[in-house]
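K.L.:
Below is coords.cif; it holds mmCIF, C-alpha atoms.
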```cif
data_entry
#
loop_
_atom_site.group_PDB
_atom_site.id
_atom_site.type_symbol
_atom_site.label_atom_id
_atom_site.label_comp_id
_atom_site.auth_asym_id
_atom_site.auth_seq_id
_atom_site.Cartn_x
_atom_site.Cartn_y
_atom_site.Cartn_z
ATOM 1 C CA MET A 1 -24.051 9.589 27.026
ATOM 2 C CA LEU A 2 -24.032 5.804 26.902
ATOM 3 C CA VAL A 3 -27.463 4.244 27.381
ATOM 4 C CA PRO A 4 -27.157 0.498 28.096
ATOM 5 C CA ILE A 5 -29.804 -1.344 26.074
ATOM 6 C CA ARG A 6 -30.062 -5.058 26.679
ATOM 7 C CA SER A 7 -31.825 -7.892 24.949
ATOM 8 C CA LEU A 8 -34.719 -9.196 27.059
ATOM 9 C CA GLY A 9 -35.614 -12.844 27.539
ATOM 10 C CA VAL A 10 -38.521 -14.859 28.884
ATOM 11 C CA ASN A 11 -37.568 -14.043 32.478
ATOM 12 C CA HIS A 12 -38.356 -10.374 31.762
ATOM 13 C CA ARG A 13 -41.927 -11.054 30.640
ATOM 14 C CA GLU A 14 -43.482 -9.891 33.930
ATOM 15 C CA ARG A 15 -41.516 -6.637 33.878
ATOM 16 C CA ILE A 16 -42.540 -6.037 30.276
ATOM 17 C CA ALA A 17 -46.196 -6.408 31.231
ATOM 18 C CA ARG A 18 -45.707 -4.118 34.236
ATOM 19 C CA HIS A 19 -44.042 -1.460 32.082
ATOM 20 C CA LEU A 20 -46.820 -1.511 29.479
ATOM 21 C CA MET A 21 -49.557 -1.450 32.120
ATOM 22 C CA SER A 22 -47.954 1.664 33.630
ATOM 23 C CA LEU A 23 -48.703 3.556 30.400
ATOM 24 C CA ASP A 24 -51.751 5.790 30.526
ATOM 25 C CA ALA A 25 -54.689 5.429 28.133
ATOM 26 C CA GLN A 26 -53.266 7.834 25.516
ATOM 27 C CA ASP A 27 -49.856 6.159 25.496
ATOM 28 C CA ARG A 28 -51.463 2.722 25.191
ATOM 29 C CA TYR A 29 -53.503 4.038 22.267
ATOM 30 C CA LEU A 30 -50.388 5.334 20.507
ATOM 31 C CA ARG A 31 -48.400 2.139 21.173
ATOM 32 C CA PHE A 32 -51.018 -0.421 20.140
ATOM 33 C CA GLY A 33 -53.320 1.612 17.902
ATOM 34 C CA PHE A 34 -56.150 1.239 20.413
ATOM 35 C CA ALA A 35 -56.606 1.911 24.149
ATOM 36 C CA ALA A 36 -55.543 -1.563 25.292
ATOM 37 C CA ASN A 37 -56.779 -2.607 28.726
ATOM 38 C CA ASP A 38 -54.700 -4.534 31.264
ATOM 39 C CA GLU A 39 -56.033 -7.891 30.116
ATOM 40 C CA GLN A 40 -55.083 -7.204 26.492
ATOM 41 C CA ILE A 41 -51.638 -6.000 27.513
ATOM 42 C CA GLN A 42 -51.111 -9.122 29.616
ATOM 43 C CA ARG A 43 -52.132 -11.269 26.651
ATOM 44 C CA TYR A 44 -49.641 -9.397 24.462
ATOM 45 C CA ALA A 45 -46.850 -9.959 27.002
ATOM 46 C CA ASP A 46 -47.780 -13.625 27.440
ATOM 47 C CA THR A 47 -47.609 -14.280 23.697
ATOM 48 C CA LEU A 48 -44.279 -12.574 23.001
ATOM 49 C CA ASN A 49 -42.111 -14.977 21.025
ATOM 50 C CA PHE A 50 -38.603 -14.548 22.384
ATOM 51 C CA ASP A 51 -37.229 -17.236 20.065
ATOM 52 C CA ARG A 52 -38.401 -15.507 16.893
ATOM 53 C CA ASP A 53 -38.492 -11.816 17.827
ATOM 54 C CA GLU A 54 -36.071 -9.545 19.637
ATOM 55 C CA ILE A 55 -37.091 -7.441 22.632
ATOM 56 C CA PHE A 56 -34.836 -4.649 23.888
ATOM 57 C CA GLY A 57 -35.114 -2.750 27.149
ATOM 58 C CA ILE A 58 -33.684 0.093 29.200
ATOM 59 C CA TYR A 59 -33.665 -0.279 32.983
ATOM 60 C CA ASN A 60 -33.208 2.475 35.542
ATOM 61 C CA ARG A 61 -31.171 2.208 38.746
ATOM 62 C CA ARG A 62 -34.143 0.699 40.587
ATOM 63 C CA VAL A 63 -34.205 -2.088 37.972
ATOM 64 C CA GLU A 64 -37.512 -0.825 36.589
ATOM 65 C CA LEU A 65 -38.083 -1.244 32.869
ATOM 66 C CA ILE A 66 -38.627 2.317 31.649
ATOM 67 C CA ALA A 67 -38.416 1.805 27.887
ATOM 68 C CA MET A 68 -38.712 -1.180 25.570
ATOM 69 C CA ALA A 69 -38.760 -2.015 21.877
ATOM 70 C CA HIS A 70 -40.197 -4.991 20.033
ATOM 71 C CA LEU A 71 -38.522 -6.011 16.794
ATOM 72 C CA ALA A 72 -40.928 -8.508 15.224
ATOM 73 C CA PHE A 73 -39.908 -10.920 12.485
ATOM 74 C CA PRO A 74 -42.552 -12.483 10.181
ATOM 75 C CA ASP A 75 -43.263 -16.220 10.195
ATOM 76 C CA ASP A 76 -43.380 -16.257 6.402
ATOM 77 C CA PRO A 77 -39.885 -17.199 5.103
ATOM 78 C CA ASP A 78 -40.556 -15.155 1.960
ATOM 79 C CA LEU A 79 -40.576 -12.050 4.188
ATOM 80 C CA SER A 80 -37.437 -12.904 6.153
ATOM 81 C CA SER A 81 -35.746 -9.727 4.916
ATOM 82 C CA CYS A 82 -38.315 -7.567 6.756
ATOM 83 C CA ALA A 83 -38.956 -6.690 10.409
ATOM 84 C CA GLU A 84 -41.399 -4.417 12.243
ATOM 85 C CA PHE A 85 -40.443 -2.050 15.056
ATOM 86 C CA GLY A 86 -42.560 -0.871 17.992
ATOM 87 C CA VAL A 87 -41.491 1.123 21.050
ATOM 88 C CA SER A 88 -42.808 2.489 24.343
ATOM 89 C CA VAL A 89 -41.209 4.835 26.888
ATOM 90 C CA SER A 90 -42.479 5.548 30.387
ATOM 91 C CA LYS A 91 -43.688 9.111 30.853
ATOM 92 C CA SER A 92 -41.058 9.752 33.548
ATOM 93 C CA ALA A 93 -38.293 8.866 31.076
ATOM 94 C CA ARG A 94 -39.404 11.038 28.150
ATOM 95 C CA GLY A 95 -37.154 13.624 26.551
ATOM 96 C CA ARG A 96 -33.940 11.606 26.902
ATOM 97 C CA GLY A 97 -33.864 10.166 23.408
ATOM 98 C CA TYR A 98 -34.580 6.610 24.559
ATOM 99 C CA GLY A 99 -36.957 5.914 21.694
ATOM 100 C CA ALA A 100 -34.322 6.872 19.123
ATOM 101 C CA ARG A 101 -31.651 4.863 20.956
ATOM 102 C CA LEU A 102 -33.876 1.797 20.943
ATOM 103 C CA PHE A 103 -34.582 2.302 17.243
ATOM 104 C CA ASP A 104 -30.862 2.442 16.451
ATOM 105 C CA ARG A 105 -30.211 -0.665 18.564
ATOM 106 C CA ALA A 106 -33.015 -2.566 16.836
ATOM 107 C CA ALA A 107 -31.841 -1.461 13.390
ATOM 108 C CA MET A 108 -28.317 -2.660 14.118
ATOM 109 C CA HIS A 109 -29.620 -6.061 15.221
ATOM 110 C CA ALA A 110 -31.949 -6.286 12.219
ATOM 111 C CA ARG A 111 -29.197 -5.665 9.674
ATOM 112 C CA ASN A 112 -26.962 -8.183 11.439
ATOM 113 C CA GLU A 113 -29.793 -10.716 11.080
ATOM 114 C CA GLY A 114 -29.973 -10.134 7.336
ATOM 115 C CA VAL A 115 -32.959 -7.782 7.368
ATOM 116 C CA SER A 116 -32.864 -5.237 4.567
ATOM 117 C CA ARG A 117 -36.018 -3.261 5.370
ATOM 118 C CA MET A 118 -37.479 -2.231 8.727
ATOM 119 C CA PHE A 119 -41.118 -1.153 8.985
ATOM 120 C CA ILE A 120 -43.034 0.978 11.462
ATOM 121 C CA HIS A 121 -46.813 1.062 11.539
ATOM 122 C CA ALA A 122 -48.053 3.979 13.630
ATOM 123 C CA LEU A 123 -50.983 6.283 14.067
ATOM 124 C CA SER A 124 -50.435 9.528 12.198
ATOM 125 C CA GLU A 125 -50.834 11.428 15.469
ATOM 126 C CA ASN A 126 -47.879 9.537 16.945
ATOM 127 C CA THR A 127 -45.543 12.336 15.930
ATOM 128 C CA ALA A 128 -42.749 11.245 18.274
ATOM 129 C CA MET A 129 -42.494 7.812 16.645
ATOM 130 C CA LEU A 130 -42.695 9.177 13.126
ATOM 131 C CA LYS A 131 -40.027 11.769 13.944
ATOM 132 C CA ILE A 132 -37.682 8.990 15.072
ATOM 133 C CA ALA A 133 -38.298 7.178 11.790
ATOM 134 C CA ARG A 134 -37.736 10.289 9.659
ATOM 135 C CA ASN A 135 -34.561 11.220 11.543
ATOM 136 C CA ALA A 136 -33.227 7.723 10.828
ATOM 137 C CA GLY A 137 -33.830 8.277 7.121
ATOM 138 C CA ALA A 138 -37.050 6.297 6.803
ATOM 139 C CA THR A 139 -39.670 7.020 4.167
ATOM 140 C CA VAL A 140 -43.011 7.854 5.779
ATOM 141 C CA GLU A 141 -46.308 7.472 3.941
ATOM 142 C CA ARG A 142 -49.535 8.721 5.498
ATOM 143 C CA ASP A 143 -52.898 7.094 4.833
ATOM 144 C CA GLY A 144 -55.500 8.975 6.858
ATOM 145 C CA HIS A 145 -55.135 8.396 10.587
ATOM 146 C CA GLU A 146 -52.414 5.759 10.064
ATOM 147 C CA SER A 147 -48.883 6.023 8.700
ATOM 148 C CA GLU A 148 -46.335 3.534 7.423
ATOM 149 C CA ALA A 149 -42.587 4.093 7.599
ATOM 150 C CA HIS A 150 -39.914 1.904 6.071
ATOM 151 C CA LEU A 151 -36.152 2.146 6.353
ATOM 152 C CA GLN A 152 -33.697 0.512 3.966
ATOM 153 C CA LEU A 153 -30.894 -1.101 5.991
ATOM 154 C CA SER A 154 -27.315 -1.586 4.902
ATOM 155 C CA PRO A 155 -25.874 -5.105 4.824
ATOM 156 C CA ALA A 156 -24.135 -6.335 7.970
ATOM 157 C CA THR A 157 -20.413 -5.722 8.327
ATOM 158 C CA PHE A 158 -17.742 -6.932 10.724
ATOM 159 C CA ASP A 159 -17.988 -3.580 12.534
ATOM 160 C CA SER A 160 -21.785 -3.792 12.899
ATOM 161 C CA ARG A 161 -21.562 -7.314 14.323
ATOM 162 C CA LEU A 162 -18.759 -6.353 16.698
ATOM 163 C CA SER A 163 -20.609 -3.202 17.780
ATOM 164 C CA GLU A 164 -23.695 -5.229 18.660
ATOM 165 C CA MET A 165 -21.665 -7.759 20.659
ATOM 166 C CA VAL A 166 -19.965 -4.991 22.636
ATOM 167 C CA ALA A 167 -23.233 -3.100 23.197
ATOM 168 C CA GLU A 168 -24.944 -6.237 24.517
ATOM 169 C CA GLN A 169 -22.023 -7.117 26.795
ATOM 170 C CA VAL A 170 -21.959 -3.596 28.244
ATOM 171 C CA ALA A 171 -25.740 -3.678 28.797
ATOM 172 C CA GLN A 172 -25.633 -7.096 30.468
ATOM 173 C CA THR A 173 -22.872 -5.932 32.823
ATOM 174 C CA ASP A 174 -24.756 -2.729 33.615
ATOM 175 C CA TYR A 175 -27.913 -4.724 34.393
ATOM 176 C CA ARG A 176 -26.086 -7.110 36.744
ATOM 177 C CA ILE A 177 -24.564 -4.181 38.612
ATOM 178 C CA LYS A 178 -27.965 -2.491 38.957
ATOM 179 C CA VAL A 179 -29.483 -5.729 40.306
ATOM 180 C CA GLN A 180 -26.664 -6.152 42.840
ATOM 181 C CA VAL A 181 -26.901 -2.536 43.994
ATOM 182 C CA LYS A 182 -30.678 -2.797 44.397
ATOM 183 C CA GLN A 183 -30.318 -6.056 46.352
ATOM 184 C CA PHE A 184 -27.804 -4.385 48.676
ATOM 185 C CA TRP A 185 -30.046 -1.371 49.329
ATOM 186 C CA ASP A 186 -33.054 -3.632 49.870
ATOM 187 C CA PHE A 187 -31.025 -5.674 52.365
ATOM 188 C CA LEU A 188 -29.858 -2.520 54.134
ATOM 189 C CA ALA A 189 -33.445 -1.247 54.351
ATOM 190 C CA GLU A 190 -34.516 -4.547 55.964
ATOM 191 C CA VAL A 191 -31.674 -4.339 58.499
ATOM 192 C CA GLN A 192 -32.573 -0.753 59.376
ATOM 193 C CA ALA A 193 -36.255 -1.662 59.705
ATOM 194 C CA LEU A 194 -35.357 -4.558 62.011
ATOM 195 C CA ARG A 195 -33.125 -2.280 64.072
ATOM 196 C CA ARG A 196 -35.941 0.231 64.461
ATOM 197 C CA ASP A 197 -38.316 -2.540 65.556
ATOM 198 C CA VAL A 198 -35.829 -3.717 68.182
ATOM 199 C CA GLN A 199 -35.292 -0.185 69.469
ATOM 200 C CA GLU A 200 -39.050 0.436 69.584
ATOM 201 C CA ALA A 201 -39.618 -2.818 71.471
ATOM 202 C CA SER A 202 -36.840 -1.902 73.910
ATOM 203 C CA ARG A 203 -38.399 1.491 74.628
ATOM 204 C CA ASN A 204 -41.814 -0.058 75.182
ATOM 205 C CA ARG A 205 -40.532 -2.816 77.461
ATOM 206 C CA PRO A 206 -41.801 -2.400 81.067
ATOM 207 C CA ASN A 207 -39.101 -1.546 83.634
#
```
Take the structure in this file and express it as C-alpha cells.
P.N.:
Amino acid sequence: MLVPIRSLGVNHRERIARHLMSLDAQDRYLRFGFAANDEQIQRYADTLNFDRDEIFGIYNRRVELIAMAHLAFPDDPDLSSCAEFGVSVSKSARGRGYGARLFDRAAMHARNEGVSRMFIHALSENTAMLKIARNAGATVERDGHESEAHLQLSPATFDSRLSEMVAEQVAQTDYRIKVQVKQFWDFLAEVQALRRDVQEASRNRPN
C-alpha cells in the first residue's frame, strides 16, 4: 500500500508542534529521551531548521499530521556525510508501518544528499525504533539505557534520485487533494449548520 510521505516546510511548523504535543508522556519520553512538556516541545518546533534539515510527514484524510520524521544534518562541514534520524507516530496510527516507511524515505533522501551514514540515538527501551533500524540493516550498539544505531548508505544513483522526485510529487498531490476535500466538507458542514439555524428560527417564529 502506497503511503504518501511529503517534505514539510515552515508553514507546517504549527502542525508539527500539535502532533508532538498530542503524544502522551511515555511517547514523549521515548521520542526526546525525556518527558518533554508542552513548552519544551514548542521550543523544539520553533527552532526546527527547515533550510538545513529535512522534515517528513504523513497526513490523514482530515489533514492531521499523524507521523513525522526529522532528518538532522550537522553544522560541522567535516560531518557532512552523516545525518541523524528521529521519528514519532500518533498512537491512533500505530501498527501500520509508518515509522519504517518514514525511515526508508529519510534514508533515500540522505543518500541522495551525499550522506553515507545515518545515525539513530534512542533509549534502549525504545524497541520499536531499534527494530526499524535493525530491519533496515543498521548496526545497533547498546550502552546501558541508551543505544546507538548506524546504517551505511549506498551512494546515490539515477534511480534513487528519480524515485525521490516521484515520491515527493505523489505526496504533494495527495496532500493538495486532502486539503481540498477537507475544505469542501467543512464548507458543507457550515451550509448545513446555517440551514438548521434557519429552520429552527422559522419554527420558533410567532404566527
K.L.:
Just give me the gap between CA of Ala100 in chain A and CA of Ser154 in chain A in Å, one decimal is fine.
P.N.:
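Atom-to-atom, CA of Ala100 in chain A to CA of Ser154 in chain A, that is 18.0 Å.
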K.L.:
Just want the 12 Å neighbourhood of Ala67 in chain A, counted on only C-alpha atoms, with same-chain residues fewer than 4 positions away dropped. Output as a JSON list (two decimals) with C-alpha atoms, keeping the file's coordinate frame.
P.N.:
```
[["chain", "number", "residue", "atom", "x", "y", "z"],
["A", 3, "VAL", "CA", -27.46, 4.24, 27.38],
["A", 4, "PRO", "CA", -27.16, 0.50, 28.10],
["A", 5, "ILE", "CA", -29.80, -1.34, 26.07],
["A", 6, "ARG", "CA", -30.06, -5.06, 26.68],
["A", 8, "LEU", "CA", -34.72, -9.20, 27.06],
["A", 15, "ARG", "CA", -41.52, -6.64, 33.88],
["A", 16, "ILE", "CA", -42.54, -6.04, 30.28],
["A", 17, "ALA", "CA", -46.20, -6.41, 31.23],
["A", 18, "ARG", "CA", -45.71, -4.12, 34.24],
["A", 19, "HIS", "CA", -44.04, -1.46, 32.08],
["A", 20, "LEU", "CA", -46.82, -1.51, 29.48],
["A", 22, "SER", "CA", -47.95, 1.66, 33.63],
["A", 23, "LEU", "CA", -48.70, 3.56, 30.40],
["A", 55, "ILE", "CA", -37.09, -7.44, 22.63],
["A", 56, "PHE", "CA", -34.84, -4.65, 23.89],
["A", 57, "GLY", "CA", -35.11, -2.75, 27.15],
["A", 58, "ILE", "CA", -33.68, 0.09, 29.20],
["A", 59, "TYR", "CA", -33.66, -0.28, 32.98],
["A", 60, "ASN", "CA", -33.21, 2.48, 35.54],
["A", 63, "VAL", "CA", -34.20, -2.09, 37.97],
["A", 86, "GLY", "CA", -42.56, -0.87, 17.99],
["A", 87, "VAL", "CA", -41.49, 1.12, 21.05],
["A", 88, "SER", "CA", -42.81, 2.49, 24.34],
["A", 89, "VAL", "CA", -41.21, 4.84, 26.89],
["A", 90, "SER", "CA", -42.48, 5.55, 30.39],
["A", 91, "LYS", "CA", -43.69, 9.11, 30.85],
["A", 92, "SER", "CA", -41.06, 9.75, 33.55],
["A", 93, "ALA", "CA", -38.29, 8.87, 31.08],
["A", 94, "ARG", "CA", -39.40, 11.04, 28.15],
["A", 95, "GLY", "CA", -37.15, 13.62, 26.55],
["A", 96, "ARG", "CA", -33.94, 11.61, 26.90],
["A", 97, "GLY", "CA", -33.86, 10.17, 23.41],
["A", 98, "TYR", "CA", -34.58, 6.61, 24.56],
["A", 99, "GLY", "CA", -36.96, 5.91, 21.69],
["A", 100, "ALA", "CA", -34.32, 6.87, 19.12],
["A", 101, "ARG", "CA", -31.65, 4.86, 20.96],
["A", 102, "LEU", "CA", -33.88, 1.80, 20.94],
["A", 103, "PHE", "CA", -34.58, 2.30, 17.24]]
```
K.L.:
Using only C-alpha atoms, determine which residues lie at most 12 Å from range 110-120 of chain A, disregarding the query and same-chain residues fewer than 6 positions distant; provide the list as an MDAnalysis selection string.
P.N.:
chainID A and resid 31:32 52:55 69:74 77:87 103:104 126 129:134 136:142 146:165
K.L.:
Report as a PyMOL selection string the full result of the PyMOL selection byres ((chain A and resi 178-193) around 9) when it is applied to this structure.
P.N.:
chain A and resi 59-63+173-177+194-198
K.L.:
Fewer than 4 positions away in the same chain doesn't count, so skip those; otherwise give me all residues within 10 Å of Leu30 in chain A, counting only C-alpha atoms, as a PyMOL selection string.
P.N.:
chain A and resi 25-26+34-36+87-88+122-129
K.L.:
Which one of A:Glu200, A:Asp24, A:Glu168, A:Glu39 sits closest to Arg105 in chain A if you count only C-alpha atoms?
P.N.:
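Under the stated criterion, the closest residue is A:Glu168.
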K.L.:
Tell me which residues come within 6 Å of (-36.5, -14.7, 24.9), as number ranges by chain, counting all atoms listed in the file in the file's coordinates.
P.N.:
A: 9-10, 50-51
K.L.:
Nearest residue to Ala45 in chain A out of A:His109, A:Asn135, A:Tyr29, A:Glu14, using only C-alpha atoms?
P.N.:
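Of all the options, A:Glu14 lies closest to Ala45 in chain A.
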K.L.:
Of the candidates A:Asp27, A:Ala107, A:Arg13, A:Ile66, which shows the shortest atom-to-atom distance to Tyr44 in chain A, using all atoms listed in the file?
P.N.:
A:Arg13
K.L.:
Measure the distance from CA of Asp46 in chain A to CA of Met108 in chain A in Å and round it to one decimal.
P.N.:
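CA of Met108 in chain A lies at a distance of 26.0 Å from CA of Asp46 in chain A.
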K.L.:
Go ahead and compute the interatomic distance for CA of Ser7 in chain A and CA of Asn37 in chain A, in Å to one decimal.
P.N.:
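Separation of CA of Ser7 in chain A and CA of Asn37 in chain A: 25.8 Å.
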K.L.:
Taking into account all atoms listed in the file, which residue in the set A:Gly144, A:Met68, A:Asn11, A:Asp75 is nearest to Ala106 in chain A?
P.N.:
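Closest residue, counting all atoms listed in the file: A:Met68.
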K.L.:
For range 1-10 of chain A, I'd like the enclosing box, axis-aligned and padded by 6 Å on every side, reported as lines of an AutoDock Vina configuration file with centre and edge lengths in Å to one decimal.
P.N.:
```
center_x = -31.3
center_y = -2.6
center_z = 26.9
size_x = 26.5
size_y = 36.4
size_z = 15.9
```
K.L.:
Could you rebuild range 15-40 of chain A with N, CA and C atoms and give me the result as a short mmCIF file (atom, residue, chain, number, x, y, z; two decimals), keeping the file's coordinate frame?
P.N.:
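Result file follows (selection_33.cif):
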```
data_model
loop_
_atom_site.label_atom_id
_atom_site.label_comp_id
_atom_site.auth_asym_id
_atom_site.auth_seq_id
_atom_site.Cartn_x
_atom_site.Cartn_y
_atom_site.Cartn_z
N ARG A 15 -41.89 -8.05 33.85
CA ARG A 15 -41.52 -6.64 33.88
C ARG A 15 -42.00 -5.93 32.62
N ILE A 16 -42.01 -6.63 31.51
CA ILE A 16 -42.54 -6.04 30.28
C ILE A 16 -44.01 -5.70 30.45
N ALA A 17 -44.77 -6.64 31.00
CA ALA A 17 -46.20 -6.41 31.23
C ALA A 17 -46.39 -5.24 32.20
N ARG A 18 -45.58 -5.19 33.24
CA ARG A 18 -45.71 -4.12 34.24
C ARG A 18 -45.41 -2.76 33.60
N HIS A 19 -44.39 -2.72 32.76
CA HIS A 19 -44.04 -1.46 32.08
C HIS A 19 -45.19 -0.99 31.20
N LEU A 20 -45.74 -1.89 30.40
CA LEU A 20 -46.82 -1.51 29.48
C LEU A 20 -48.09 -1.12 30.22
N MET A 21 -48.37 -1.79 31.34
CA MET A 21 -49.56 -1.45 32.12
C MET A 21 -49.41 -0.11 32.83
N SER A 22 -48.17 0.36 32.99
CA SER A 22 -47.95 1.66 33.63
C SER A 22 -48.25 2.82 32.67
N LEU A 23 -48.38 2.51 31.38
CA LEU A 23 -48.70 3.56 30.40
C LEU A 23 -50.14 4.01 30.59
N ASP A 24 -50.38 5.30 30.41
CA ASP A 24 -51.75 5.79 30.53
C ASP A 24 -52.53 5.47 29.25
N ALA A 25 -53.81 5.81 29.23
CA ALA A 25 -54.69 5.43 28.13
C ALA A 25 -54.20 5.98 26.79
N GLN A 26 -53.73 7.23 26.76
CA GLN A 26 -53.27 7.83 25.52
C GLN A 26 -52.02 7.14 24.99
N ASP A 27 -51.08 6.83 25.90
CA ASP A 27 -49.86 6.16 25.50
C ASP A 27 -50.14 4.74 25.01
N ARG A 28 -51.08 4.07 25.65
CA ARG A 28 -51.46 2.72 25.19
C ARG A 28 -52.07 2.81 23.79
N TYR A 29 -52.87 3.84 23.57
CA TYR A 29 -53.50 4.04 22.27
C TYR A 29 -52.45 4.25 21.18
N LEU A 30 -51.43 5.06 21.48
CA LEU A 30 -50.39 5.33 20.51
C LEU A 30 -49.51 4.11 20.27
N ARG A 31 -49.27 3.31 21.32
CA ARG A 31 -48.40 2.14 21.17
C ARG A 31 -49.08 1.01 20.41
N PHE A 32 -50.34 0.74 20.73
CA PHE A 32 -51.02 -0.42 20.14
C PHE A 32 -52.02 -0.07 19.04
N GLY A 33 -52.32 1.22 18.89
CA GLY A 33 -53.32 1.61 17.90
C GLY A 33 -54.72 1.59 18.46
N PHE A 34 -54.86 1.21 19.71
CA PHE A 34 -56.15 1.24 20.41
C PHE A 34 -55.84 1.32 21.91
N ALA A 35 -56.82 1.74 22.71
CA ALA A 35 -56.61 1.91 24.15
C ALA A 35 -56.67 0.55 24.83
N ALA A 36 -55.59 -0.21 24.74
CA ALA A 36 -55.54 -1.56 25.29
C ALA A 36 -55.76 -1.55 26.79
N ASN A 37 -56.59 -2.49 27.28
CA ASN A 37 -56.78 -2.61 28.73
C ASN A 37 -55.73 -3.56 29.30
N ASP A 38 -55.72 -3.71 30.61
CA ASP A 38 -54.70 -4.53 31.26
C ASP A 38 -54.73 -5.98 30.77
N GLU A 39 -55.91 -6.51 30.56
CA GLU A 39 -56.03 -7.89 30.12
C GLU A 39 -55.42 -8.07 28.72
N GLN A 40 -55.64 -7.12 27.84
CA GLN A 40 -55.08 -7.20 26.49
C GLN A 40 -53.57 -7.05 26.52
#
```
